[in-house]
file data-v9.tsv (TSV, C-alpha atoms)
chain	number	residue	atom	x	y	z
A	425	MET	CA	-45.99	-51.92	43.20
A	426	THR	CA	-49.65	-52.96	42.86
A	427	GLU	CA	-52.81	-51.30	41.69
A	428	THR	CA	-56.40	-52.50	41.62
A	429	HIS	CA	-58.05	-50.40	38.93
A	430	THR	CA	-58.58	-51.61	35.40
A	431	ALA	CA	-57.31	-49.51	32.50
A	432	ARG	CA	-59.48	-49.75	29.39
A	433	GLY	CA	-58.03	-47.31	26.87
A	434	PHE	CA	-54.64	-48.33	25.55
A	435	SER	CA	-52.99	-45.74	23.38
A	436	LEU	CA	-49.28	-45.58	22.69
A	437	GLN	CA	-49.06	-42.75	25.19
A	438	ASP	CA	-50.81	-44.86	27.83
A	439	ALA	CA	-48.23	-47.59	27.32
A	440	HIS	CA	-45.34	-45.13	27.37
A	441	THR	CA	-46.47	-43.72	30.72
A	442	ALA	CA	-46.35	-47.22	32.22
A	443	LEU	CA	-42.99	-47.85	30.55
A	444	VAL	CA	-41.38	-44.81	32.16
A	445	ALA	CA	-42.69	-45.69	35.62
A	446	ALA	CA	-41.69	-49.36	35.44
A	447	CYS	CA	-38.20	-48.63	34.12
A	448	ALA	CA	-37.67	-46.10	36.91
A	449	GLU	CA	-38.60	-48.78	39.46
A	450	VAL	CA	-36.05	-51.30	38.19
A	451	GLY	CA	-33.30	-48.81	37.41
A	452	LEU	CA	-33.46	-48.84	33.61
A	453	ASP	CA	-33.24	-45.71	31.46
A	454	SER	CA	-36.40	-45.34	29.35
A	455	ARG	CA	-35.34	-42.21	27.50
A	456	ASP	CA	-35.67	-42.47	23.69
A	457	ALA	CA	-37.35	-45.89	23.93
A	458	VAL	CA	-38.53	-47.00	20.48
A	459	PRO	CA	-41.99	-48.54	19.90
A	460	LEU	CA	-41.59	-51.92	18.24
A	461	ARG	CA	-45.01	-53.51	18.09
A	462	VAL	CA	-48.50	-52.18	18.67
A	463	GLY	CA	-51.11	-54.87	19.17
A	464	GLU	CA	-52.76	-56.69	22.07
A	465	ASN	CA	-49.63	-55.60	23.93
A	466	LYS	CA	-47.23	-52.76	23.19
A	467	LEU	CA	-43.49	-53.34	22.98
A	468	PHE	CA	-40.67	-50.83	23.35
A	469	ARG	CA	-36.96	-51.27	22.70
A	470	LEU	CA	-34.71	-49.44	25.11
A	471	THR	CA	-31.76	-47.58	23.64
A	472	SER	CA	-29.89	-47.69	26.94
A	473	ALA	CA	-29.75	-51.50	27.27
A	474	PRO	CA	-30.51	-54.63	25.19
A	475	VAL	CA	-34.02	-54.82	26.62
A	476	VAL	CA	-37.53	-55.02	25.18
A	477	VAL	CA	-40.24	-53.80	27.55
A	478	ARG	CA	-43.66	-55.37	27.05
A	479	ILE	CA	-46.77	-53.55	28.28
A	480	ALA	CA	-50.02	-55.50	28.71
A	481	ARG	CA	-53.12	-53.39	28.30
A	482	SER	CA	-54.82	-54.02	31.65
A	483	VAL	CA	-54.17	-55.14	35.20
A	484	ASP	CA	-56.90	-57.70	34.52
A	485	LEU	CA	-54.19	-59.60	32.62
A	486	LEU	CA	-51.84	-59.85	35.60
A	487	ALA	CA	-52.44	-63.59	36.04
A	488	ASP	CA	-51.76	-64.20	32.35
A	489	VAL	CA	-48.54	-62.20	32.48
A	490	ARG	CA	-47.32	-64.01	35.59
A	491	LYS	CA	-48.05	-67.28	33.79
A	492	GLU	CA	-46.03	-66.02	30.82
A	493	VAL	CA	-43.06	-65.30	33.07
A	494	ALA	CA	-43.30	-68.83	34.49
A	495	ILE	CA	-43.47	-70.31	30.98
A	496	ALA	CA	-40.40	-68.36	29.89
A	497	ALA	CA	-38.46	-69.61	32.91
A	498	TRP	CA	-39.49	-73.22	32.16
A	499	LEU	CA	-38.53	-73.03	28.48
A	500	GLU	CA	-35.17	-71.46	29.30
A	501	GLU	CA	-34.39	-74.17	31.85
A	502	ALA	CA	-35.39	-76.82	29.31
A	503	GLY	CA	-33.16	-75.28	26.64
A	504	PHE	CA	-36.14	-74.72	24.33
A	505	PRO	CA	-35.59	-72.03	21.65
A	506	GLY	CA	-37.72	-69.24	23.09
A	507	VAL	CA	-37.34	-65.57	23.94
A	508	ARG	CA	-35.68	-65.00	27.31
A	509	LEU	CA	-36.56	-62.79	30.24
A	510	PHE	CA	-34.11	-60.01	31.05
A	511	PRO	CA	-32.12	-61.53	33.92
A	512	ASP	CA	-32.08	-60.30	37.50
A	513	CYS	CA	-35.00	-57.99	36.92
A	514	PRO	CA	-38.40	-57.86	38.69
A	515	GLN	CA	-41.23	-58.98	36.40
A	516	ALA	CA	-44.98	-58.41	36.06
A	517	LEU	CA	-44.85	-54.94	37.59
A	518	VAL	CA	-48.10	-52.99	37.62
A	519	HIS	CA	-48.03	-49.28	36.78
A	520	GLU	CA	-50.85	-47.05	35.59
A	521	GLY	CA	-53.14	-50.08	35.39
A	522	ARG	CA	-50.79	-51.88	32.97
A	523	VAL	CA	-48.58	-54.93	33.51
A	524	VAL	CA	-44.92	-54.63	32.52
A	525	THR	CA	-42.31	-57.29	31.77
A	526	PHE	CA	-38.69	-57.03	30.62
A	527	TRP	CA	-37.17	-59.29	27.94
A	528	GLN	CA	-33.79	-59.78	26.33
A	529	LEU	CA	-33.54	-58.01	22.98
A	530	VAL	CA	-33.45	-60.35	19.99
A	531	GLU	CA	-31.84	-58.96	16.85
A	532	SER	CA	-33.74	-60.45	13.92
A	533	ALA	CA	-32.35	-61.57	10.59
A	534	ASP	CA	-33.60	-62.70	7.19
A	535	PRO	CA	-35.11	-64.84	5.90
A	536	ALA	CA	-38.21	-64.57	8.03
A	537	PRO	CA	-39.36	-67.90	9.49
A	538	GLY	CA	-41.89	-69.75	7.38
A	539	PHE	CA	-44.87	-72.00	7.99
A	540	LYS	CA	-42.69	-75.12	8.02
A	541	ASP	CA	-40.54	-73.51	10.72
A	542	LEU	CA	-43.67	-72.92	12.76
A	543	ALA	CA	-44.85	-76.52	12.34
A	544	VAL	CA	-41.45	-77.82	13.46
A	545	MET	CA	-41.49	-75.48	16.47
A	546	LEU	CA	-44.95	-76.66	17.53
A	547	ARG	CA	-44.00	-80.31	17.20
A	548	GLU	CA	-41.01	-79.72	19.50
A	549	LEU	CA	-43.04	-77.62	21.94
A	550	HIS	CA	-45.86	-80.15	22.21
A	551	ALA	CA	-43.35	-82.95	22.81
A	552	LEU	CA	-41.55	-81.06	25.61
A	553	PRO	CA	-42.28	-82.50	29.09
A	554	LYS	CA	-44.06	-79.93	31.26
A	555	PRO	CA	-43.01	-79.55	34.89
A	556	VAL	CA	-45.65	-81.04	37.18
A	557	ASP	CA	-45.67	-77.92	39.34
A	558	LEU	CA	-46.42	-75.62	36.40
A	559	VAL	CA	-50.20	-75.28	36.44
A	560	LEU	CA	-51.82	-74.01	33.24
A	561	PRO	CA	-55.35	-72.70	32.79
A	562	LEU	CA	-57.82	-74.69	30.73
A	563	PHE	CA	-57.86	-73.27	27.21
A	564	ASP	CA	-60.81	-71.03	26.44
A	565	PRO	CA	-60.88	-70.27	22.69
A	566	LEU	CA	-63.09	-67.20	23.12
A	567	GLY	CA	-61.93	-66.18	26.56
A	568	ARG	CA	-61.24	-62.51	25.84
A	569	VAL	CA	-63.86	-61.97	23.19
A	570	GLU	CA	-66.88	-61.34	25.41
A	571	ASP	CA	-64.96	-58.80	27.48
A	572	ARG	CA	-64.06	-56.98	24.27
A	573	LEU	CA	-67.75	-56.79	23.38
A	574	ASP	CA	-68.60	-55.37	26.79
A	575	CYS	CA	-66.38	-52.36	26.20
A	576	ALA	CA	-66.51	-52.08	22.40
A	577	PRO	CA	-65.87	-48.49	21.23
A	578	SER	CA	-68.28	-47.00	18.68
A	579	VAL	CA	-69.44	-50.32	17.27
A	580	PRO	CA	-73.03	-50.61	15.98
A	581	ASP	CA	-75.43	-52.57	18.18
A	582	LYS	CA	-76.26	-54.88	15.28
A	583	ASP	CA	-72.62	-55.97	15.08
A	584	ILE	CA	-72.38	-56.56	18.83
A	585	GLU	CA	-75.60	-58.58	18.79
A	586	PHE	CA	-74.37	-60.66	15.85
A	587	LEU	CA	-71.08	-61.38	17.58
A	588	ARG	CA	-72.78	-62.38	20.84
A	589	ARG	CA	-75.00	-64.86	18.99
A	590	ARG	CA	-72.00	-66.19	17.10
A	591	ILE	CA	-70.00	-66.69	20.30
A	592	LYS	CA	-72.84	-68.67	21.86
A	593	GLU	CA	-73.12	-70.88	18.77
A	594	LEU	CA	-69.37	-71.42	18.54
A	595	TYR	CA	-69.05	-72.40	22.19
A	596	ALA	CA	-71.74	-75.04	21.65
A	597	GLU	CA	-69.91	-76.39	18.59
A	598	TYR	CA	-66.53	-76.35	20.33
A	599	ASN	CA	-67.80	-78.22	23.38
A	600	ALA	CA	-69.18	-80.95	21.11
A	601	LEU	CA	-65.92	-81.52	19.21
A	602	GLU	CA	-64.14	-84.87	19.30
A	603	PHE	CA	-60.42	-84.12	19.10
A	604	ALA	CA	-58.04	-86.47	17.32
A	605	LEU	CA	-54.83	-85.60	19.19
A	606	PRO	CA	-54.01	-85.92	22.90
A	607	ALA	CA	-54.56	-82.68	24.80
A	608	GLY	CA	-51.64	-80.95	26.50
A	609	HIS	CA	-49.85	-77.63	26.81
A	610	ILE	CA	-50.39	-75.35	23.82
A	611	HIS	CA	-49.00	-71.98	22.79
A	612	GLY	CA	-52.51	-70.65	22.23
A	613	ASP	CA	-51.56	-67.98	19.66
A	614	ALA	CA	-49.35	-69.84	17.22
A	615	HIS	CA	-48.75	-67.78	14.08
A	616	LYS	CA	-45.70	-66.77	12.06
A	617	GLY	CA	-45.55	-63.39	13.76
A	618	ASN	CA	-44.64	-65.19	16.97
A	619	LEU	CA	-41.45	-66.61	15.48
A	620	MET	CA	-38.17	-64.74	15.07
A	621	ARG	CA	-34.94	-65.68	13.31
A	622	ARG	CA	-31.89	-64.59	15.26
A	623	THR	CA	-28.75	-63.31	13.59
A	624	ASP	CA	-27.16	-66.74	14.18
A	625	GLY	CA	-29.86	-68.25	11.96
A	626	ASN	CA	-31.76	-70.05	14.73
A	627	VAL	CA	-35.52	-69.60	15.01
A	628	ILE	CA	-37.11	-68.86	18.38
A	629	LEU	CA	-40.67	-68.73	19.72
A	630	ILE	CA	-42.05	-65.62	21.41
A	631	ASP	CA	-45.24	-64.44	23.18
A	632	PHE	CA	-46.23	-66.98	25.84
A	633	GLU	CA	-49.25	-65.08	27.16
A	634	ARG	CA	-51.90	-67.47	25.82
A	635	PHE	CA	-50.26	-70.70	26.95
A	636	ALA	CA	-52.87	-73.13	28.27
A	637	PHE	CA	-53.85	-76.77	28.60
A	638	GLY	CA	-55.96	-77.63	25.59
A	639	PRO	CA	-56.28	-79.29	22.18
A	640	ARG	CA	-53.14	-79.41	20.05
A	641	GLU	CA	-55.47	-78.99	17.06
A	642	TRP	CA	-55.89	-75.35	18.05
A	643	ASP	CA	-52.19	-74.55	17.67
A	644	ILE	CA	-51.98	-76.35	14.33
A	645	SER	CA	-55.13	-74.59	13.07
A	646	THR	CA	-53.88	-71.10	13.85
A	647	ALA	CA	-50.37	-71.91	12.63
A	648	VAL	CA	-51.08	-73.39	9.20
A	649	GLY	CA	-54.67	-74.58	8.73
A	650	ILE	CA	-56.39	-71.19	8.82
A	651	PRO	CA	-53.71	-69.36	6.81
A	652	TYR	CA	-54.02	-72.12	4.19
A	653	GLN	CA	-57.73	-72.75	3.92
A	654	GLY	CA	-59.13	-69.53	5.36
A	655	PHE	CA	-56.89	-66.97	3.68
A	656	ARG	CA	-54.79	-68.77	1.07
A	657	TRP	CA	-51.65	-67.24	2.54
A	658	ILE	CA	-49.93	-70.63	2.02
A	659	GLU	CA	-49.35	-72.36	-1.28
A	660	ASP	CA	-50.26	-76.04	-1.57
A	661	GLU	CA	-46.64	-77.20	-1.52
A	662	ALA	CA	-45.75	-75.12	1.54
A	663	TYR	CA	-48.81	-76.42	3.36
A	664	ALA	CA	-47.85	-80.01	2.52
A	665	GLN	CA	-44.37	-79.39	3.93
A	666	ALA	CA	-45.87	-78.02	7.15
A	667	VAL	CA	-48.16	-81.06	7.44
A	668	ASP	CA	-45.17	-83.37	7.01
A	669	ALA	CA	-43.18	-81.39	9.57
A	670	TYR	CA	-45.83	-81.67	12.27
A	671	GLY	CA	-47.36	-85.00	11.23
A	672	PHE	CA	-51.05	-84.06	11.14
A	673	ASP	CA	-53.25	-82.58	8.39
A	674	ILE	CA	-55.51	-80.23	10.32
A	675	ALA	CA	-57.56	-79.19	7.27
A	676	ARG	CA	-58.82	-82.77	6.91
A	677	TRP	CA	-59.95	-83.01	10.51
A	678	PRO	CA	-63.78	-82.65	10.75
A	679	GLY	CA	-63.64	-80.11	13.59
A	680	PHE	CA	-61.38	-77.69	11.74
A	681	HIS	CA	-64.32	-75.65	10.38
A	682	THR	CA	-65.35	-74.75	13.94
A	683	LEU	CA	-61.83	-73.76	15.01
A	684	ARG	CA	-61.44	-71.61	11.90
A	685	ARG	CA	-64.60	-69.65	12.64
A	686	ILE	CA	-63.63	-69.23	16.29
A	687	ARG	CA	-60.25	-67.82	15.29
A	688	GLU	CA	-61.81	-65.45	12.76
A	689	THR	CA	-64.20	-64.15	15.42
A	690	ALA	CA	-61.30	-63.56	17.81
A	691	MET	CA	-59.30	-61.78	15.09
A	692	THR	CA	-62.26	-59.51	14.34
A	693	THR	CA	-62.93	-58.56	17.95
A	694	TRP	CA	-59.21	-57.92	18.52
A	695	LEU	CA	-59.29	-55.38	15.71
A	696	MET	CA	-62.57	-53.97	17.06
A	697	GLN	CA	-60.70	-52.62	20.10
A	698	ASN	CA	-58.83	-50.18	17.84
A	699	VAL	CA	-61.55	-48.94	15.49
A	700	ASN	CA	-61.18	-45.38	16.78
A	701	HIS	CA	-57.46	-45.35	16.02
A	702	GLY	CA	-57.82	-44.84	12.27
A	703	SER	CA	-60.23	-44.93	9.33
A	704	ASP	CA	-58.30	-47.84	7.78
A	705	ILE	CA	-58.95	-49.93	10.89
A	706	ARG	CA	-62.66	-49.07	10.82
A	707	VAL	CA	-62.87	-50.07	7.16
A	708	GLU	CA	-61.11	-53.38	7.85
A	709	PHE	CA	-63.36	-54.11	10.82
A	710	ASP	CA	-66.45	-53.53	8.66
A	711	ARG	CA	-64.99	-55.80	5.97
A	712	ARG	CA	-64.43	-58.58	8.49
A	713	MET	CA	-67.91	-58.26	9.93
A	714	ALA	CA	-69.43	-58.52	6.46
A	715	SER	CA	-67.41	-61.65	5.67
A	716	LEU	CA	-68.29	-63.30	8.98
A	717	ARG	CA	-71.93	-63.00	7.97
A	718	HIS	CA	-71.16	-64.70	4.64
A	719	ASP	CA	-68.88	-67.69	5.07
A	720	VAL	CA	-67.20	-67.54	1.67
A	721	LEU	CA	-63.53	-68.54	1.44
A	722	PRO	CA	-60.85	-67.43	1.11
A	723	ARG	CA	-61.17	-64.33	3.27
A	724	ALA	CA	-59.81	-61.11	1.77
A	725	TRP	CA	-58.69	-59.59	5.07
A	726	ARG	CA	-55.90	-57.09	5.48
A	727	PRO	CA	-53.36	-58.06	8.16
A	728	PHE	CA	-52.80	-55.66	11.07
call {"tool": "encode", "arguments": {"input": "data-v9.tsv", "output": "structure tokens"}}
result
Amino acid sequence: MTETHTARGFSLQDAHTALVAACAEVGLDSRDAVPLRVGENKLFRLTSAPVVVRIARSVDLLADVRKEVAIAAWLEEAGFPGVRLFPDCPQALVHEGRVVTFWQLVESADPAPGFKDLAVMLRELHALPKPVDLVLPLFDPLGRVEDRLDCAPSVPDKDIEFLRRRIKELYAEYNALEFALPAGHIHGDAHKGNLMRRTDGNVILIDFERFAFGPREWDISTAVGIPYQGFRWIEDEAYAQAVDAYGFDIARWPGFHTLRRIRETAMTTWLMQNVNHGSDIRVEFDRRMASLRHDVLPRAWRPF
């Protein structure tokens, strides 16, 4: 099934409507599906089968989702520890202007993966040979940010204008960077939330939507550099262990400052999409905007 319109709003009910339609198409029972994760995408766990249904917010993301399906197939064939597609099931279905994929349920266990686990995972991922017929887009660090500004809900003009100026400045800085590591395939959104520990103790990587061809420094920055220097979410010893595990100290690389500010801008505009969903989100968005205007570290941001 295909549709051509773009869906902008993305409430839990919007996602559930797409869930019901997509499950009906593939013969899965969506009754009593449980919301698991509400973010850029919305995830539901089916109670009728060991399946997680992932709903992307807009049909505009169809190409990204199809790429994600291709990445998952590659990693499974290579034996890489990643989340698996639900087998023998159509993927990247479009319903109600959303894009729907079906994944095997992963039962998680403690302890949660740490920053060293993430560094090890990235080292293995970056070393994995990519199939020559798997074409990846060129990484764009602010690729979704401008679109978010174009449809920002109830955000003051002064904030939008500030963000547009900042994006222009950051693109200029990024394009002038001299990277230290060879470019290649990157995860694109490498953070601890995209790792899971299975009940057998093994750690796996999830969320392949932002895969691209680009600088490995970006993955290392988002994984450990920004949590360490930008937010102090990592102690010195844990950061040193992550550096040893990957083999590169991103915080000492001269271009790290630019990547940090790009990531912070993306994090702020991601939250901006949801400012009408709660007063706590509005307060956090305002806090982030204020701190972007005053580059004092560490940031005191509340995770969402």
call {"tool": "residues_around", "arguments": {"input": "data-v9.tsv", "residues": "Ala536 in chain A", "least_positions_apart": "3", "cutoff": "8 Å", "atoms": "only C-alpha atoms", "output": "list in words"}}
result
Ala533, Met620 and Arg621 of chain A
call {"tool": "closest_atom_pairs", "arguments": {"input": "data-v9.tsv", "of": "range 594-698 of chain A", "to": "range 540-559 of chain A", "cutoff": "7 Å", "atoms": "only C-alpha atoms", "output": "Markdown table"}}
result
| residue | atom | partner | partner_atom | distance |
| --- | --- | --- | --- | --- |
| A:His609 | CA | A:His550 | CA | 6.6 |
| A:Ile610 | CA | A:His550 | CA | 6.8 |
| A:Lys616 | CA | A:Leu542 | CA | 6.5 |
| A:Ala647 | CA | A:Leu542 | CA | 6.8 |
| A:Gln665 | CA | A:Lys540 | CA | 6.1 |
| A:Ala666 | CA | A:Lys540 | CA | 4.4 |
| A:Ala669 | CA | A:Val544 | CA | 5.6 |
| A:Tyr670 | CA | A:Ala543 | CA | 5.2 |
call {"tool": "residues_around", "arguments": {"input": "data-v9.tsv", "residues": "Gly654 in chain A", "least_positions_apart": "3", "cutoff": "10 Å", "atoms": "all atoms listed in the file", "output": "JSON, numbers by chain"}}
result
{"A": [648, 649, 650, 651, 657, 658, 675, 681, 684, 685, 688, 719, 720, 721, 722, 723, 724, 725]}
call {"tool": "residues_around", "arguments": {"input": "data-v9.tsv", "residues": "Asp453 in chain A", "least_positions_apart": "5", "cutoff": "10 Å", "atoms": "only C-alpha atoms", "output": "PDB file with C-alpha atoms, in the coordinates of the input"}}
result
ATOM      1  CA  VAL A 444     -41.380 -44.810  32.160  1.00  0.00           C
ATOM      2  CA  CYS A 447     -38.200 -48.630  34.120  1.00  0.00           C
ATOM      3  CA  ALA A 448     -37.670 -46.100  36.910  1.00  0.00           C
ATOM      4  CA  LEU A 470     -34.710 -49.440  25.110  1.00  0.00           C
ATOM      5  CA  THR A 471     -31.760 -47.580  23.640  1.00  0.00           C
ATOM      6  CA  SER A 472     -29.890 -47.690  26.940  1.00  0.00           C
ATOM      7  CA  ALA A 473     -29.750 -51.500  27.270  1.00  0.00           C
TER       8      ALA A 473
END
call {"tool": "residues_around", "arguments": {"input": "data-v9.tsv", "residues": "Val699 in chain A", "least_positions_apart": "2", "cutoff": "10 Å", "atoms": "all atoms listed in the file", "output": "JSON, numbers by chain"}}
result
{"A": [576, 577, 578, 579, 694, 695, 696, 697, 701, 702, 703, 704, 705, 706, 707, 708, 709, 710]}
call {"tool": "atom_distance", "arguments": {"input": "data-v9.tsv", "atom1": "CA of Val569 in chain A", "atom2": "CA of Phe637 in chain A"}}
result
18.7 Å
call {"tool": "atom_distance", "arguments": {"input": "data-v9.tsv", "atom1": "CA of Asp484 in chain A", "atom2": "CA of Val523 in chain A"}}
result
8.8 Å
call {"tool": "atom_distance", "arguments": {"input": "data-v9.tsv", "atom1": "CA of Ile495 in chain A", "atom2": "CA of Phe563 in chain A"}}
result
15.2 Å
call {"tool": "closest_residue", "arguments": {"input": "data-v9.tsv", "among": "A:Arg490, A:Gly463, A:Ile584, A:Ala607", "to": "Arg572 in chain A", "atoms": "only C-alpha atoms"}}
result
A:Ile584
call {"tool": "residues_around", "arguments": {"input": "data-v9.tsv", "residues": "Gly638 in chain A", "least_positions_apart": "4", "cutoff": "10 Å", "atoms": "all atoms listed in the file", "output": "PDB file with C-alpha atoms, keeping the file's coordinate frame"}}
result
ATOM      1  CA  LEU A 560     -51.820 -74.010  33.240  1.00  0.00           C
ATOM      2  CA  PRO A 561     -55.350 -72.700  32.790  1.00  0.00           C
ATOM      3  CA  LEU A 562     -57.820 -74.690  30.730  1.00  0.00           C
ATOM      4  CA  PHE A 563     -57.860 -73.270  27.210  1.00  0.00           C
ATOM      5  CA  ASP A 564     -60.810 -71.030  26.440  1.00  0.00           C
ATOM      6  CA  PRO A 565     -60.880 -70.270  22.690  1.00  0.00           C
ATOM      7  CA  PRO A 606     -54.010 -85.920  22.900  1.00  0.00           C
ATOM      8  CA  ALA A 607     -54.560 -82.680  24.800  1.00  0.00           C
ATOM      9  CA  GLY A 608     -51.640 -80.950  26.500  1.00  0.00           C
ATOM     10  CA  HIS A 609     -49.850 -77.630  26.810  1.00  0.00           C
ATOM     11  CA  ILE A 610     -50.390 -75.350  23.820  1.00  0.00           C
ATOM     12  CA  HIS A 611     -49.000 -71.980  22.790  1.00  0.00           C
ATOM     13  CA  GLY A 612     -52.510 -70.650  22.230  1.00  0.00           C
ATOM     14  CA  TRP A 642     -55.890 -75.350  18.050  1.00  0.00           C
ATOM     15  CA  ASP A 643     -52.190 -74.550  17.670  1.00  0.00           C
TER      16      ASP A 643
END
call {"tool": "closest_residue", "arguments": {"input": "data-v9.tsv", "among": "A:Val483, A:Val667, A:Leu566, A:Ala457", "to": "Glu593 in chain A", "atoms": "all atoms listed in the file"}}
result
A:Leu566
call {"tool": "decode", "arguments": {"input": "data-v9.tsv", "residues": "range 580-600 of chain A", "atoms": "N, CA and C atoms", "output": "PDB file, in the first residue's frame"}}
result
ATOM      1  N   PRO A 580       8.643  30.631  19.478  1.00  0.00           N
ATOM      2  CA  PRO A 580       8.838  32.060  19.177  1.00  0.00           C
ATOM      3  C   PRO A 580       9.726  32.293  17.963  1.00  0.00           C
ATOM      4  N   ASP A 581       9.408  33.333  17.203  1.00  0.00           N
ATOM      5  CA  ASP A 581      10.186  33.659  16.005  1.00  0.00           C
ATOM      6  C   ASP A 581      11.654  33.890  16.338  1.00  0.00           C
ATOM      7  N   LYS A 582      11.932  34.478  17.501  1.00  0.00           N
ATOM      8  CA  LYS A 582      13.324  34.759  17.850  1.00  0.00           C
ATOM      9  C   LYS A 582      14.135  33.474  17.994  1.00  0.00           C
ATOM     10  N   ASP A 583      13.485  32.409  18.475  1.00  0.00           N
ATOM     11  CA  ASP A 583      14.174  31.130  18.602  1.00  0.00           C
ATOM     12  C   ASP A 583      14.422  30.508  17.226  1.00  0.00           C
ATOM     13  N   ILE A 584      13.424  30.578  16.357  1.00  0.00           N
ATOM     14  CA  ILE A 584      13.580  30.032  15.010  1.00  0.00           C
ATOM     15  C   ILE A 584      14.689  30.772  14.270  1.00  0.00           C
ATOM     16  N   GLU A 585      14.703  32.093  14.379  1.00  0.00           N
ATOM     17  CA  GLU A 585      15.728  32.882  13.701  1.00  0.00           C
ATOM     18  C   GLU A 585      17.121  32.557  14.233  1.00  0.00           C
ATOM     19  N   PHE A 586      17.230  32.408  15.549  1.00  0.00           N
ATOM     20  CA  PHE A 586      18.517  32.036  16.148  1.00  0.00           C
ATOM     21  C   PHE A 586      18.989  30.686  15.624  1.00  0.00           C
ATOM     22  N   LEU A 587      18.081  29.722  15.579  1.00  0.00           N
ATOM     23  CA  LEU A 587      18.451  28.386  15.126  1.00  0.00           C
ATOM     24  C   LEU A 587      18.850  28.380  13.649  1.00  0.00           C
ATOM     25  N   ARG A 588      18.163  29.159  12.822  1.00  0.00           N
ATOM     26  CA  ARG A 588      18.525  29.218  11.402  1.00  0.00           C
ATOM     27  C   ARG A 588      19.924  29.804  11.228  1.00  0.00           C
ATOM     28  N   ARG A 589      20.240  30.849  11.976  1.00  0.00           N
ATOM     29  CA  ARG A 589      21.591  31.422  11.896  1.00  0.00           C
ATOM     30  C   ARG A 589      22.627  30.407  12.365  1.00  0.00           C
ATOM     31  N   ARG A 590      22.302  29.709  13.435  1.00  0.00           N
ATOM     32  CA  ARG A 590      23.233  28.733  13.999  1.00  0.00           C
ATOM     33  C   ARG A 590      23.497  27.602  13.013  1.00  0.00           C
ATOM     34  N   ILE A 591      22.447  27.132  12.346  1.00  0.00           N
ATOM     35  CA  ILE A 591      22.605  26.059  11.363  1.00  0.00           C
ATOM     36  C   ILE A 591      23.547  26.498  10.240  1.00  0.00           C
ATOM     37  N   LYS A 592      23.343  27.703   9.745  1.00  0.00           N
ATOM     38  CA  LYS A 592      24.195  28.213   8.674  1.00  0.00           C
ATOM     39  C   LYS A 592      25.653  28.270   9.118  1.00  0.00           C
ATOM     40  N   GLU A 593      25.887  28.753  10.343  1.00  0.00           N
ATOM     41  CA  GLU A 593      27.251  28.836  10.857  1.00  0.00           C
ATOM     42  C   GLU A 593      27.869  27.450  11.042  1.00  0.00           C
ATOM     43  N   LEU A 594      27.069  26.516  11.556  1.00  0.00           N
ATOM     44  CA  LEU A 594      27.587  25.177  11.825  1.00  0.00           C
ATOM     45  C   LEU A 594      27.894  24.419  10.546  1.00  0.00           C
ATOM     46  N   TYR A 595      27.075  24.600   9.517  1.00  0.00           N
ATOM     47  CA  TYR A 595      27.386  23.970   8.231  1.00  0.00           C
ATOM     48  C   TYR A 595      28.728  24.470   7.703  1.00  0.00           C
ATOM     49  N   ALA A 596      28.970  25.775   7.825  1.00  0.00           N
ATOM     50  CA  ALA A 596      30.242  26.332   7.349  1.00  0.00           C
ATOM     51  C   ALA A 596      31.418  25.736   8.122  1.00  0.00           C
ATOM     52  N   GLU A 597      31.272  25.613   9.432  1.00  0.00           N
ATOM     53  CA  GLU A 597      32.336  25.022  10.248  1.00  0.00           C
ATOM     54  C   GLU A 597      32.547  23.555   9.893  1.00  0.00           C
ATOM     55  N   TYR A 598      31.455  22.819   9.740  1.00  0.00           N
ATOM     56  CA  TYR A 598      31.541  21.384   9.452  1.00  0.00           C
ATOM     57  C   TYR A 598      32.240  21.139   8.115  1.00  0.00           C
ATOM     58  N   ASN A 599      31.889  21.915   7.124  1.00  0.00           N
ATOM     59  CA  ASN A 599      32.467  21.730   5.791  1.00  0.00           C
ATOM     60  C   ASN A 599      33.950  22.062   5.747  1.00  0.00           C
ATOM     61  N   ALA A 600      34.430  22.800   6.744  1.00  0.00           N
ATOM     62  CA  ALA A 600      35.844  23.168   6.798  1.00  0.00           C
ATOM     63  C   ALA A 600      36.674  22.213   7.659  1.00  0.00           C
TER      64      ALA A 600
END
